[in-house]
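my_file.csv, holding CSV, C-alpha atoms:
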```csv
chain,number,residue,atom,x,y,z
A,346,MET,CA,18.5,12.0,-11.3
A,347,ARG,CA,17.6,13.5,-14.7
A,348,THR,CA,17.9,10.0,-16.3
A,349,SER,CA,15.5,8.5,-13.7
A,350,ASN,CA,13.0,11.3,-14.2
A,351,HIS,CA,13.1,10.9,-17.9
A,352,LEU,CA,12.6,7.2,-17.6
A,353,ILE,CA,9.6,7.6,-15.3
A,354,GLY,CA,8.2,10.2,-17.7
A,355,LEU,CA,8.7,7.8,-20.6
A,356,LEU,CA,7.0,5.0,-18.7
A,357,ASN,CA,4.0,7.2,-17.9
A,358,PHE,CA,3.7,8.2,-21.5
A,359,LEU,CA,3.8,4.5,-22.5
A,360,THR,CA,1.1,3.7,-19.9
A,361,PHE,CA,-1.0,6.5,-21.3
A,362,LEU,CA,-0.8,4.9,-24.7
A,363,LEU,CA,-1.7,1.5,-23.3
A,364,SER,CA,-4.9,3.0,-21.9
A,365,ILE,CA,-6.1,3.6,-25.5
A,366,PRO,CA,-6.6,0.0,-26.5
A,367,ILE,CA,-8.4,-0.7,-23.1
A,368,LEU,CA,-10.7,2.3,-23.6
A,369,GLY,CA,-11.1,1.3,-27.3
A,370,GLY,CA,-12.2,-2.2,-26.2
A,371,GLY,CA,-14.8,-0.7,-23.9
A,372,ILE,CA,-16.1,1.5,-26.7
A,373,TRP,CA,-16.2,-1.5,-29.1
A,374,LEU,CA,-18.2,-3.5,-26.5
A,375,SER,CA,-20.5,-0.5,-26.2
A,376,SER,CA,-21.1,-0.4,-30.0
A,377,ARG,CA,-21.8,-4.2,-29.8
A,378,ALA,CA,-24.2,-3.6,-27.0
A,379,ASN,CA,-26.2,-1.2,-29.1
A,380,ASN,CA,-26.3,-3.5,-32.1
A,381,THR,CA,-25.7,-7.2,-31.5
A,382,ASP,CA,-24.9,-8.4,-28.0
A,383,CYS,CA,-27.4,-6.0,-26.3
A,384,MET,CA,-25.8,-6.3,-22.9
A,385,LYS,CA,-25.2,-2.7,-21.9
A,386,PHE,CA,-23.4,-3.1,-18.6
A,387,LEU,CA,-20.4,-5.1,-19.7
A,388,GLN,CA,-18.4,-2.3,-21.3
A,389,TRP,CA,-18.4,0.1,-18.3
A,390,PRO,CA,-15.7,-1.7,-16.2
A,391,LEU,CA,-13.3,-1.4,-19.2
A,392,ILE,CA,-14.2,2.2,-19.9
A,393,ILE,CA,-13.7,3.2,-16.3
A,394,ILE,CA,-10.3,1.3,-16.1
A,395,GLY,CA,-9.1,2.9,-19.4
A,396,VAL,CA,-10.0,6.4,-18.3
A,397,SER,CA,-8.5,5.9,-14.8
A,398,ILE,CA,-5.2,4.7,-16.4
A,399,MET,CA,-5.2,7.9,-18.6
A,400,VAL,CA,-5.7,10.2,-15.6
A,401,ILE,CA,-3.2,8.4,-13.4
A,402,SER,CA,-0.6,8.4,-16.2
A,403,LEU,CA,-0.9,12.1,-16.5
A,404,ALA,CA,-0.4,12.5,-12.8
A,405,GLY,CA,2.7,10.3,-12.9
A,406,PHE,CA,4.0,12.2,-15.8
A,407,ALA,CA,3.6,15.5,-14.0
A,408,GLY,CA,5.2,14.1,-10.9
A,409,ALA,CA,8.2,13.0,-12.9
A,410,CYS,CA,8.6,16.3,-14.7
A,411,TYR,CA,8.2,18.4,-11.5
A,412,ARG,CA,9.7,15.9,-9.1
A,413,ASN,CA,6.5,16.0,-7.1
A,414,THR,CA,6.8,13.1,-4.6
A,415,PHE,CA,3.0,13.2,-3.7
A,416,LEU,CA,2.0,12.7,-7.4
A,417,MET,CA,4.5,9.9,-7.8
A,418,TYR,CA,3.2,8.1,-4.7
A,419,LEU,CA,-0.4,8.6,-6.0
A,420,TYR,CA,0.6,7.2,-9.4
A,421,LEU,CA,2.3,4.1,-7.9
A,422,TRP,CA,-0.4,3.2,-5.5
A,423,ALA,CA,-3.3,4.0,-7.9
A,424,MET,CA,-1.6,2.0,-10.7
A,425,PHE,CA,-1.2,-1.0,-8.4
A,426,PHE,CA,-5.0,-1.1,-7.8
A,427,ILE,CA,-5.8,-0.5,-11.5
A,428,ILE,CA,-3.5,-3.4,-12.6
A,429,ALA,CA,-5.2,-5.6,-10.0
A,430,ALA,CA,-8.6,-4.5,-11.2
A,431,LEU,CA,-7.7,-5.2,-14.8
A,432,ILE,CA,-6.3,-8.7,-13.9
A,433,GLY,CA,-9.5,-9.3,-12.0
A,434,PHE,CA,-11.6,-8.3,-15.0
A,435,VAL,CA,-9.7,-10.6,-17.3
A,436,ILE,CA,-10.1,-13.6,-15.0
A,437,PHE,CA,-13.8,-12.8,-14.5
A,438,ALA,CA,-14.3,-12.6,-18.3
A,439,TYR,CA,-12.7,-16.0,-18.9
A,440,VAL,CA,-14.6,-17.6,-16.0
A,441,VAL,CA,-18.1,-16.4,-17.0
A,442,THR,CA,-17.5,-17.3,-20.7
A,443,ASP,CA,-15.8,-20.7,-20.1
A,444,LYS,CA,-18.7,-22.9,-20.9
A,445,GLY,CA,-20.8,-23.3,-24.1
A,446,SER,CA,-20.2,-23.3,-27.8
A,447,GLY,CA,-22.1,-23.8,-31.0
A,448,ARG,CA,-23.1,-27.3,-32.3
A,449,SER,CA,-22.2,-28.3,-35.8
A,450,VAL,CA,-25.0,-29.5,-38.0
A,451,PRO,CA,-24.4,-31.9,-40.9
A,452,ASN,CA,-24.5,-30.2,-44.4
A,453,LEU,CA,-24.7,-26.8,-42.9
A,454,ALA,CA,-21.9,-24.2,-42.8
A,455,TYR,CA,-23.4,-22.4,-39.7
A,456,LYS,CA,-23.7,-23.7,-36.2
A,457,GLU,CA,-26.7,-23.9,-33.9
A,458,TYR,CA,-26.9,-23.0,-30.3
A,459,ARG,CA,-28.6,-24.5,-27.2
A,460,LEU,CA,-29.1,-22.8,-23.9
A,461,GLN,CA,-28.4,-26.0,-21.9
A,462,ASP,CA,-24.9,-25.9,-23.2
A,463,TYR,CA,-24.3,-22.7,-21.1
A,464,SER,CA,-24.3,-22.2,-17.4
A,465,GLY,CA,-23.1,-19.8,-14.7
A,466,TRP,CA,-23.5,-16.2,-13.9
A,467,LEU,CA,-23.7,-14.9,-17.5
A,468,GLU,CA,-26.3,-17.5,-18.5
A,469,GLU,CA,-28.5,-16.7,-15.5
A,470,ARG,CA,-28.3,-13.0,-16.3
A,471,VAL,CA,-29.2,-13.4,-19.9
A,472,ALA,CA,-31.9,-16.0,-19.3
A,473,ASP,CA,-33.6,-13.9,-16.5
A,474,ASP,CA,-37.1,-12.9,-17.8
A,475,SER,CA,-36.8,-9.2,-17.0
A,476,ASN,CA,-33.3,-9.0,-18.6
A,477,TRP,CA,-34.3,-11.0,-21.6
A,478,ARG,CA,-37.2,-8.7,-22.4
A,479,LYS,CA,-34.8,-5.9,-22.7
A,480,ILE,CA,-32.2,-7.9,-24.6
A,481,SER,CA,-34.7,-9.4,-27.1
A,482,SER,CA,-36.2,-5.9,-27.7
A,483,CYS,CA,-32.8,-4.5,-28.4
A,484,THR,CA,-32.0,-7.4,-30.7
A,485,ARG,CA,-35.2,-6.9,-32.6
A,486,ASP,CA,-34.6,-3.2,-32.9
A,487,SER,CA,-31.2,-3.8,-34.3
A,488,LYS,CA,-32.8,-5.4,-37.4
A,489,VAL,CA,-30.2,-8.1,-37.3
A,490,CYS,CA,-32.7,-10.6,-38.9
A,491,ALA,CA,-34.0,-8.1,-41.5
A,492,LYS,CA,-30.4,-7.6,-42.7
A,493,MET,CA,-30.0,-11.3,-43.5
A,494,GLY,CA,-32.2,-11.0,-46.6
A,495,ARG,CA,-30.5,-11.8,-50.0
A,496,ALA,CA,-32.2,-11.8,-53.3
A,497,PHE,CA,-31.0,-12.5,-56.9
A,498,GLY,CA,-33.2,-10.9,-59.5
A,499,GLY,CA,-35.9,-10.3,-57.0
A,500,VAL,CA,-35.9,-14.0,-56.0
A,501,PRO,CA,-34.7,-15.1,-52.5
A,502,GLU,CA,-31.6,-17.2,-52.3
A,503,THR,CA,-32.2,-20.9,-52.5
A,504,VAL,CA,-31.9,-23.2,-49.4
A,505,ASP,CA,-28.7,-24.6,-50.8
A,506,LEU,CA,-27.1,-21.2,-50.8
A,507,PHE,CA,-28.5,-20.4,-47.4
A,508,SER,CA,-27.0,-23.6,-46.0
A,509,ARG,CA,-23.6,-22.5,-47.0
A,510,ARG,CA,-23.7,-19.2,-45.2
A,511,LYS,CA,-21.8,-18.7,-42.0
A,512,LEU,CA,-24.4,-17.1,-39.8
A,513,ASN,CA,-23.3,-15.4,-36.7
A,514,PRO,CA,-24.7,-16.8,-33.4
A,515,VAL,CA,-27.5,-14.2,-33.1
A,516,GLU,CA,-28.6,-14.8,-36.7
A,517,SER,CA,-28.6,-18.6,-36.2
A,518,GLY,CA,-30.3,-18.6,-32.9
A,519,CYS,CA,-32.9,-15.8,-33.3
A,520,CYS,CA,-33.7,-15.5,-37.0
A,521,LYS,CA,-34.5,-19.1,-37.9
A,522,PRO,CA,-36.0,-22.2,-36.2
A,523,PRO,CA,-33.8,-25.0,-35.1
A,524,THR,CA,-33.0,-27.5,-37.9
A,525,GLU,CA,-34.3,-30.4,-35.9
A,526,CYS,CA,-37.8,-28.9,-36.0
A,527,GLY,CA,-38.2,-29.8,-39.7
A,528,TYR,CA,-39.4,-26.5,-40.9
A,529,VAL,CA,-39.3,-25.9,-44.7
A,530,TYR,CA,-37.2,-23.0,-45.9
A,531,MET,CA,-39.0,-20.2,-47.9
A,532,ASN,CA,-36.5,-17.4,-47.3
A,533,GLU,CA,-34.1,-16.4,-44.6
A,534,THR,CA,-36.8,-15.5,-42.0
A,535,VAL,CA,-39.8,-17.4,-43.3
A,536,TRP,CA,-40.1,-21.1,-42.6
A,537,ASN,CA,-43.2,-23.2,-43.0
A,538,SER,CA,-44.1,-26.2,-41.0
A,539,GLY,CA,-44.7,-28.3,-44.1
A,540,GLY,CA,-45.8,-31.8,-43.1
A,541,GLY,CA,-45.7,-30.8,-39.4
A,542,VAL,CA,-43.2,-30.0,-36.8
A,543,VAL,CA,-41.2,-33.1,-35.9
A,544,GLY,CA,-38.7,-32.0,-33.3
A,545,SER,CA,-39.2,-32.2,-29.5
A,546,ASN,CA,-37.3,-29.0,-28.9
A,547,PRO,CA,-39.6,-26.5,-27.1
A,548,ASP,CA,-38.3,-23.8,-29.5
A,549,CYS,CA,-40.1,-25.6,-32.4
A,550,GLY,CA,-43.4,-24.3,-31.0
A,551,ARG,CA,-42.1,-20.9,-30.3
A,552,TRP,CA,-41.1,-20.1,-33.9
A,553,ASN,CA,-43.3,-17.6,-35.6
A,554,ASN,CA,-43.1,-16.1,-39.1
A,555,ASP,CA,-44.2,-12.8,-37.8
A,556,GLN,CA,-41.1,-10.7,-38.4
A,557,GLU,CA,-41.5,-9.0,-35.0
A,558,GLN,CA,-41.5,-12.4,-33.3
A,559,LEU,CA,-39.5,-15.0,-35.2
A,560,CYS,CA,-37.5,-16.9,-32.6
A,561,TYR,CA,-36.8,-13.9,-30.2
A,562,GLY,CA,-38.5,-15.9,-27.5
A,563,CYS,CA,-36.6,-19.1,-28.1
A,564,ASP,CA,-33.9,-20.5,-25.9
A,565,SER,CA,-31.7,-20.8,-29.0
A,566,CYS,CA,-31.8,-17.0,-29.3
A,567,LYS,CA,-30.6,-16.6,-25.7
A,568,ALA,CA,-27.8,-19.1,-26.5
A,569,GLY,CA,-26.9,-17.2,-29.6
A,570,VAL,CA,-26.6,-14.0,-27.6
A,571,LEU,CA,-24.4,-15.8,-25.0
A,572,ALA,CA,-22.2,-17.2,-27.8
A,573,SER,CA,-21.9,-13.7,-29.3
A,574,LEU,CA,-21.0,-12.2,-25.9
A,575,LYS,CA,-18.4,-15.0,-25.3
A,576,LYS,CA,-16.8,-14.2,-28.7
A,577,SER,CA,-16.7,-10.4,-28.0
A,578,TRP,CA,-15.3,-10.8,-24.4
A,579,ARG,CA,-12.6,-13.2,-25.5
A,580,LYS,CA,-11.4,-10.8,-28.2
A,581,VAL,CA,-11.2,-7.9,-25.7
A,582,SER,CA,-9.6,-10.2,-23.1
A,583,VAL,CA,-6.7,-11.1,-25.4
A,584,ILE,CA,-5.9,-7.4,-25.8
A,585,ASN,CA,-6.2,-6.8,-22.1
A,586,ILE,CA,-3.8,-9.7,-21.3
A,587,VAL,CA,-1.1,-8.1,-23.5
A,588,VAL,CA,-1.7,-4.7,-21.9
A,589,VAL,CA,-1.5,-6.2,-18.3
A,590,ILE,CA,1.9,-7.8,-19.1
A,591,ILE,CA,3.3,-4.5,-20.4
A,592,LEU,CA,1.8,-2.5,-17.5
A,593,VAL,CA,3.3,-4.8,-14.9
A,594,ILE,CA,6.7,-4.6,-16.5
A,595,SER,CA,6.4,-0.8,-16.8
A,596,TYR,CA,5.2,-0.6,-13.2
A,597,MET,CA,8.2,-2.6,-11.8
A,598,VAL,CA,10.6,-0.4,-13.8
A,599,ALA,CA,8.8,2.8,-12.5
A,600,ILE,CA,9.2,1.6,-8.9
A,601,ALA,CA,12.9,0.9,-9.4
A,602,ALA,CA,13.4,4.4,-11.0
A,603,PHE,CA,11.4,6.1,-8.2
A,604,ARG,CA,13.5,4.4,-5.5
A,605,ASN,CA,16.7,5.4,-7.3
A,606,ASN,CA,15.4,9.0,-7.2
A,607,ARG,CA,14.9,8.7,-3.5
A,608,ARG,CA,18.3,7.3,-3.0
A,609,MET,CA,19.9,10.1,-4.9
A,610,ASP,CA,17.8,12.7,-3.0
A,611,ASN,CA,19.2,11.3,0.2
A,612,ASP,CA,22.7,11.4,-1.3
A,613,GLU,CA,23.3,7.7,-0.5
A,614,PRO,CA,25.2,4.9,-2.2
A,615,TYR,CA,23.2,2.3,-4.1
A,616,GLY,CA,21.0,0.3,-1.7
A,617,GLU,CA,18.5,1.2,1.0
A,618,THR,CA,17.7,4.8,1.7
A,619,ARG,CA,17.9,6.3,5.2
A,620,MET,CA,14.1,6.1,5.5
A,621,GLU,CA,14.2,2.4,4.8
A,622,LYS,CA,17.0,1.9,7.3
A,623,ALA,CA,15.2,3.9,10.0
A,624,GLN,CA,11.9,2.1,9.4
A,625,PRO,CA,12.8,-1.4,8.0
A,626,SER,CA,9.4,-2.9,8.9
A,627,ARG,CA,7.3,-0.5,6.9
A,628,ILE,CA,5.9,-1.5,3.5
A,629,HIS,CA,7.3,1.0,1.0
A,630,PHE,CA,8.0,1.4,-2.7
```
As structure tokens, the full file:
Amino acid sequence: MRTSNHLIGLLNFLTFLLSIPILGGGIWLSSRANNTDCMKFLQWPLIIIGVSIMVISLAGFAGACYRNTFLMYLYLWAMFFIIAALIGFVIFAYVVTDKGSGRSVPNLAYKEYRLQDYSGWLEERVADDSNWRKISSCTRDSKVCAKMGRAFGGVPETVDLFSRRKLNPVESGCCKPPTECGYVYMNETVWNSGGGVVGSNPDCGRWNNDQEQLCYGCDSCKAGVLASLKKSWRKVSVINIVVVIILVISYMVAIAAFRNNRRMDNDEPYGETRMEKAQPSRIHF
């Protein structure tokens, strides 16, 4: 009995520790939402799941220490639904970020992004006019484009040096015009039309050297935000997959330990408890 209680207590402590990376992932997404990705609803499911796992783990730990059957039942059932929710979130994250990626451009180290390469629920949410006004305003306020500036001896870096930079998706999509438009590089966020705009991309006409406008109204900027979201979600999902696997294993061991406790409480040999024999058709742990 004591061994089983110790095992359940240890598993609950492990579960408590596993809630930390989930909660950390939600907080990381929150920081990204305030600075780069600017999608402020994505982090809340993870934060809620992380906090829920923490609370339920403490309940299970208390139930194991004090042999409180109600708390153990609460732990097992609640953890079942939490694991299901976490699996659902991982699947959802992969489904909505499945399509779209950057396009390589000859002689450039960075990639460029086009909205037509993306589709689905996330693309529709980002491209929606009311949502995009908030996202573009957030992106502008984050000063992501202003932070791109580099100077050597008071002189902006040359176009050759700029072409070797690995810009992130938001910098590439929002802070410069598409390469196909034929704009002439002056510095990181100032591009002149030179002999005239040659590209047929609608974003060519949306580019503006006004530092408050740039390409924040461009489809390439929306695509850059989508690419940044995809990258962020995929990083968090990898951690969540590892956590789910460990949680499932811990959950199955906890069920076995809990059933062993019940068997010993009923003073029965290894196998089904009297409750299970009396009510064989009921679903039970």
Which neighbours of A:Trp536 fall inside 9 Å, counting all atoms listed in the file, when residues of the same chain fewer than 2 positions from it are skipped, and could you give them as an mmCIF file with C-alpha atoms, in the coordinates of the input?
```
data_model
loop_
_atom_site.group_PDB
_atom_site.id
_atom_site.type_symbol
_atom_site.label_atom_id
_atom_site.label_comp_id
_atom_site.auth_asym_id
_atom_site.auth_seq_id
_atom_site.Cartn_x
_atom_site.Cartn_y
_atom_site.Cartn_z
ATOM 1 C CA LYS A 521 -34.500 -19.100 -37.900
ATOM 2 C CA PRO A 522 -36.000 -22.200 -36.200
ATOM 3 C CA TYR A 528 -39.400 -26.500 -40.900
ATOM 4 C CA VAL A 529 -39.300 -25.900 -44.700
ATOM 5 C CA TYR A 530 -37.200 -23.000 -45.900
ATOM 6 C CA MET A 531 -39.000 -20.200 -47.900
ATOM 7 C CA ASN A 532 -36.500 -17.400 -47.300
ATOM 8 C CA GLU A 533 -34.100 -16.400 -44.600
ATOM 9 C CA THR A 534 -36.800 -15.500 -42.000
ATOM 10 C CA SER A 538 -44.100 -26.200 -41.000
ATOM 11 C CA GLY A 539 -44.700 -28.300 -44.100
ATOM 12 C CA TRP A 552 -41.100 -20.100 -33.900
ATOM 13 C CA ASN A 553 -43.300 -17.600 -35.600
ATOM 14 C CA ASN A 554 -43.100 -16.100 -39.100
#
```
Review point. How many Å lie between atom CA of A:Gly518 and atom CA of A:Gly369, rounded to one decimal?
Key: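 Taking atom CA of A:Gly518 and atom CA of A:Gly369, their separation equals 28.2 Å.
As for atom CA of A:Asn605 and atom CA of A:Ala407, they are spaced 17.8 Å apart.
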Exercise for review: Excluding A:Arg478 and residues on its chain fewer than 4 positions from it, collect all residues at most 12 Å away from it, counting all atoms listed in the file, and give them as a PyMOL selection string.
Suggested key: chain A and resi 383-384+470-474+482-485+561-563+567
Practice item. Can you work out the spacing between atom CA of A:Phe434 and atom CA of A:Ile480 in Å, to one decimal? Key: 22.7 Å
Check your understanding: Within 12 Å of A:Phe437, counting all atoms listed in the file, which residues qualify if same-chain residues fewer than 2 places away don't, as a PyMOL selection string?
Key -> chain A and resi 387+390+430-435+439-443+465-467+575+578-579+582
Point to revise | Near-A:Leu506 list (12 Å; all atoms listed in the file; drop same-chain fewer than 2 positions) as a list in words | key: Asn452, Leu453, Ala454, Tyr455, Arg495, Ala496, Phe497, Pro501, Glu502, Thr503, Val504, Ser508, Arg509, Arg510, Lys511, Tyr530, Asn532 and Glu533 of chain A
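If only C-alpha atoms are the atoms counted, then among A:Cys560, A:Ser375, A:Ser402, A:Cys520 the closest residue to A:Gly494 is A:Cys520.
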For the contact check between stretch 413-437 of chain A and stretch 592-596 of chain A, emit one row per residue of stretch 413-437 of chain A within 9 Å, containing the shortest atom pair and the distance in Å rounded to one decimal, counting only C-alpha atoms, chain then rising number order, as JSON lines.
```
{"residue": "A:Leu421", "atom": "CA", "partner": "A:Tyr596", "partner_atom": "CA", "distance": 7.7}
{"residue": "A:Met424", "atom": "CA", "partner": "A:Tyr596", "partner_atom": "CA", "distance": 7.7}
{"residue": "A:Phe425", "atom": "CA", "partner": "A:Tyr596", "partner_atom": "CA", "distance": 8.0}
{"residue": "A:Ile428", "atom": "CA", "partner": "A:Leu592", "partner_atom": "CA", "distance": 7.3}
```
Practice item. Compare A:Cys410, A:Ile584, A:Cys490, A:Ile591 by their minimum atom-to-atom distance to A:Gly354, counting all atoms listed in the file, and give me the closest one. Key: A:Cys410
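Excluding A:Ile398 itself and same-chain residues fewer than 2 positions from it, the residues having an atom within 8 Å of it are Thr360, Phe361, Ser364, Ile394, Gly395, Val396, Val400, Ile401, Ser402, Met424 and Ile427 of chain A, counting all atoms listed in the file.
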Point to revise | Of the listed residues A:Ile365, A:Leu460, A:Cys526, A:Ala438, that which approaches A:Lys580 most closely, counting all atoms listed in the file | key: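 Looking at the shortest contact to A:Lys580, the residue is A:Ala438.
Nearest to A:Leu352 of all the residues A:Val588, A:Phe406, A:Leu512, A:Asp548 is A:Phe406, based on all atoms listed in the file.
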With all heavy atoms as the goal, would you fill in the gaps in stretch 426-436 of chain A and present it as a PDB file, in the frame of the given file?
```pdb
ATOM      1  N   PHE A 426      -3.564  -0.665  -7.898  1.00  0.00           N
ATOM      2  CA  PHE A 426      -5.000  -1.100  -7.800  1.00  0.00           C
ATOM      3  C   PHE A 426      -5.608  -1.228  -9.178  1.00  0.00           C
ATOM      4  O   PHE A 426      -6.448  -2.112  -9.392  1.00  0.00           O
ATOM      5  CB  PHE A 426      -5.747  -0.108  -6.935  1.00  0.00           C
ATOM      6  CG  PHE A 426      -5.411  -0.174  -5.475  1.00  0.00           C
ATOM      7  CD1 PHE A 426      -4.739   0.868  -4.848  1.00  0.00           C
ATOM      8  CD2 PHE A 426      -5.749  -1.290  -4.724  1.00  0.00           C
ATOM      9  CE1 PHE A 426      -4.421   0.798  -3.508  1.00  0.00           C
ATOM     10  CE2 PHE A 426      -5.430  -1.365  -3.373  1.00  0.00           C
ATOM     11  CZ  PHE A 426      -4.759  -0.316  -2.765  1.00  0.00           C
ATOM     12  N   ILE A 427      -5.200  -0.378 -10.118  1.00  0.00           N
ATOM     13  CA  ILE A 427      -5.800  -0.500 -11.500  1.00  0.00           C
ATOM     14  C   ILE A 427      -5.314  -1.762 -12.141  1.00  0.00           C
ATOM     15  O   ILE A 427      -6.109  -2.451 -12.794  1.00  0.00           O
ATOM     16  CB  ILE A 427      -5.345   0.754 -12.306  1.00  0.00           C
ATOM     17  CG1 ILE A 427      -6.104   2.000 -11.813  1.00  0.00           C
ATOM     18  CG2 ILE A 427      -5.636   0.526 -13.782  1.00  0.00           C
ATOM     19  CD1 ILE A 427      -5.669   3.283 -12.487  1.00  0.00           C
ATOM     20  N   ILE A 428      -4.031  -2.113 -11.997  1.00  0.00           N
ATOM     21  CA  ILE A 428      -3.500  -3.400 -12.600  1.00  0.00           C
ATOM     22  C   ILE A 428      -4.268  -4.554 -11.951  1.00  0.00           C
ATOM     23  O   ILE A 428      -4.655  -5.502 -12.650  1.00  0.00           O
ATOM     24  CB  ILE A 428      -2.013  -3.490 -12.369  1.00  0.00           C
ATOM     25  CG1 ILE A 428      -1.286  -2.454 -13.229  1.00  0.00           C
ATOM     26  CG2 ILE A 428      -1.538  -4.892 -12.725  1.00  0.00           C
ATOM     27  CD1 ILE A 428       0.211  -2.399 -12.993  1.00  0.00           C
ATOM     28  N   ALA A 429      -4.466  -4.504 -10.628  1.00  0.00           N
ATOM     29  CA  ALA A 429      -5.200  -5.600 -10.000  1.00  0.00           C
ATOM     30  C   ALA A 429      -6.627  -5.682 -10.481  1.00  0.00           C
ATOM     31  O   ALA A 429      -7.145  -6.787 -10.712  1.00  0.00           O
ATOM     32  CB  ALA A 429      -5.204  -5.343  -8.443  1.00  0.00           C
ATOM     33  N   ALA A 430      -7.268  -4.530 -10.685  1.00  0.00           N
ATOM     34  CA  ALA A 430      -8.600  -4.500 -11.200  1.00  0.00           C
ATOM     35  C   ALA A 430      -8.694  -5.085 -12.626  1.00  0.00           C
ATOM     36  O   ALA A 430      -9.611  -5.839 -12.979  1.00  0.00           O
ATOM     37  CB  ALA A 430      -9.210  -3.106 -11.177  1.00  0.00           C
ATOM     38  N   LEU A 431      -7.714  -4.738 -13.441  1.00  0.00           N
ATOM     39  CA  LEU A 431      -7.700  -5.200 -14.800  1.00  0.00           C
ATOM     40  C   LEU A 431      -7.450  -6.728 -14.868  1.00  0.00           C
ATOM     41  O   LEU A 431      -8.078  -7.446 -15.655  1.00  0.00           O
ATOM     42  CB  LEU A 431      -6.596  -4.491 -15.608  1.00  0.00           C
ATOM     43  CG  LEU A 431      -6.578  -4.706 -17.130  1.00  0.00           C
ATOM     44  CD1 LEU A 431      -7.925  -4.335 -17.745  1.00  0.00           C
ATOM     45  CD2 LEU A 431      -5.467  -3.887 -17.765  1.00  0.00           C
ATOM     46  N   ILE A 432      -6.560  -7.213 -14.011  1.00  0.00           N
ATOM     47  CA  ILE A 432      -6.300  -8.700 -13.900  1.00  0.00           C
ATOM     48  C   ILE A 432      -7.610  -9.361 -13.481  1.00  0.00           C
ATOM     49  O   ILE A 432      -7.992 -10.410 -14.018  1.00  0.00           O
ATOM     50  CB  ILE A 432      -5.175  -8.981 -12.957  1.00  0.00           C
ATOM     51  CG1 ILE A 432      -3.845  -8.472 -13.541  1.00  0.00           C
ATOM     52  CG2 ILE A 432      -5.087 -10.475 -12.682  1.00  0.00           C
ATOM     53  CD1 ILE A 432      -2.667  -8.601 -12.596  1.00  0.00           C
ATOM     54  N   GLY A 433      -8.287  -8.773 -12.480  1.00  0.00           N
ATOM     55  CA  GLY A 433      -9.500  -9.300 -12.000  1.00  0.00           C
ATOM     56  C   GLY A 433     -10.595  -9.387 -13.101  1.00  0.00           C
ATOM     57  O   GLY A 433     -11.339 -10.369 -13.231  1.00  0.00           O
ATOM     58  N   PHE A 434     -10.664  -8.339 -13.929  1.00  0.00           N
ATOM     59  CA  PHE A 434     -11.600  -8.300 -15.000  1.00  0.00           C
ATOM     60  C   PHE A 434     -11.341  -9.387 -16.046  1.00  0.00           C
ATOM     61  O   PHE A 434     -12.254 -10.040 -16.548  1.00  0.00           O
ATOM     62  CB  PHE A 434     -11.626  -6.929 -15.686  1.00  0.00           C
ATOM     63  CG  PHE A 434     -12.611  -6.801 -16.810  1.00  0.00           C
ATOM     64  CD1 PHE A 434     -13.932  -6.499 -16.563  1.00  0.00           C
ATOM     65  CD2 PHE A 434     -12.209  -7.010 -18.131  1.00  0.00           C
ATOM     66  CE1 PHE A 434     -14.847  -6.396 -17.609  1.00  0.00           C
ATOM     67  CE2 PHE A 434     -13.110  -6.910 -19.175  1.00  0.00           C
ATOM     68  CZ  PHE A 434     -14.438  -6.601 -18.909  1.00  0.00           C
ATOM     69  N   VAL A 435     -10.054  -9.571 -16.372  1.00  0.00           N
ATOM     70  CA  VAL A 435      -9.700 -10.600 -17.300  1.00  0.00           C
ATOM     71  C   VAL A 435     -10.056 -11.990 -16.836  1.00  0.00           C
ATOM     72  O   VAL A 435     -10.623 -12.811 -17.577  1.00  0.00           O
ATOM     73  CB  VAL A 435      -8.166 -10.526 -17.648  1.00  0.00           C
ATOM     74  CG1 VAL A 435      -7.726 -11.732 -18.481  1.00  0.00           C
ATOM     75  CG2 VAL A 435      -7.832  -9.239 -18.388  1.00  0.00           C
ATOM     76  N   ILE A 436      -9.746 -12.248 -15.565  1.00  0.00           N
ATOM     77  CA  ILE A 436     -10.100 -13.600 -15.000  1.00  0.00           C
ATOM     78  C   ILE A 436     -11.604 -13.748 -14.975  1.00  0.00           C
ATOM     79  O   ILE A 436     -12.114 -14.814 -15.338  1.00  0.00           O
ATOM     80  CB  ILE A 436      -9.522 -13.661 -13.541  1.00  0.00           C
ATOM     81  CG1 ILE A 436      -7.993 -13.672 -13.580  1.00  0.00           C
ATOM     82  CG2 ILE A 436     -10.047 -14.922 -12.854  1.00  0.00           C
ATOM     83  CD1 ILE A 436      -7.351 -13.622 -12.207  1.00  0.00           C
TER      84      ILE A 436
END
```
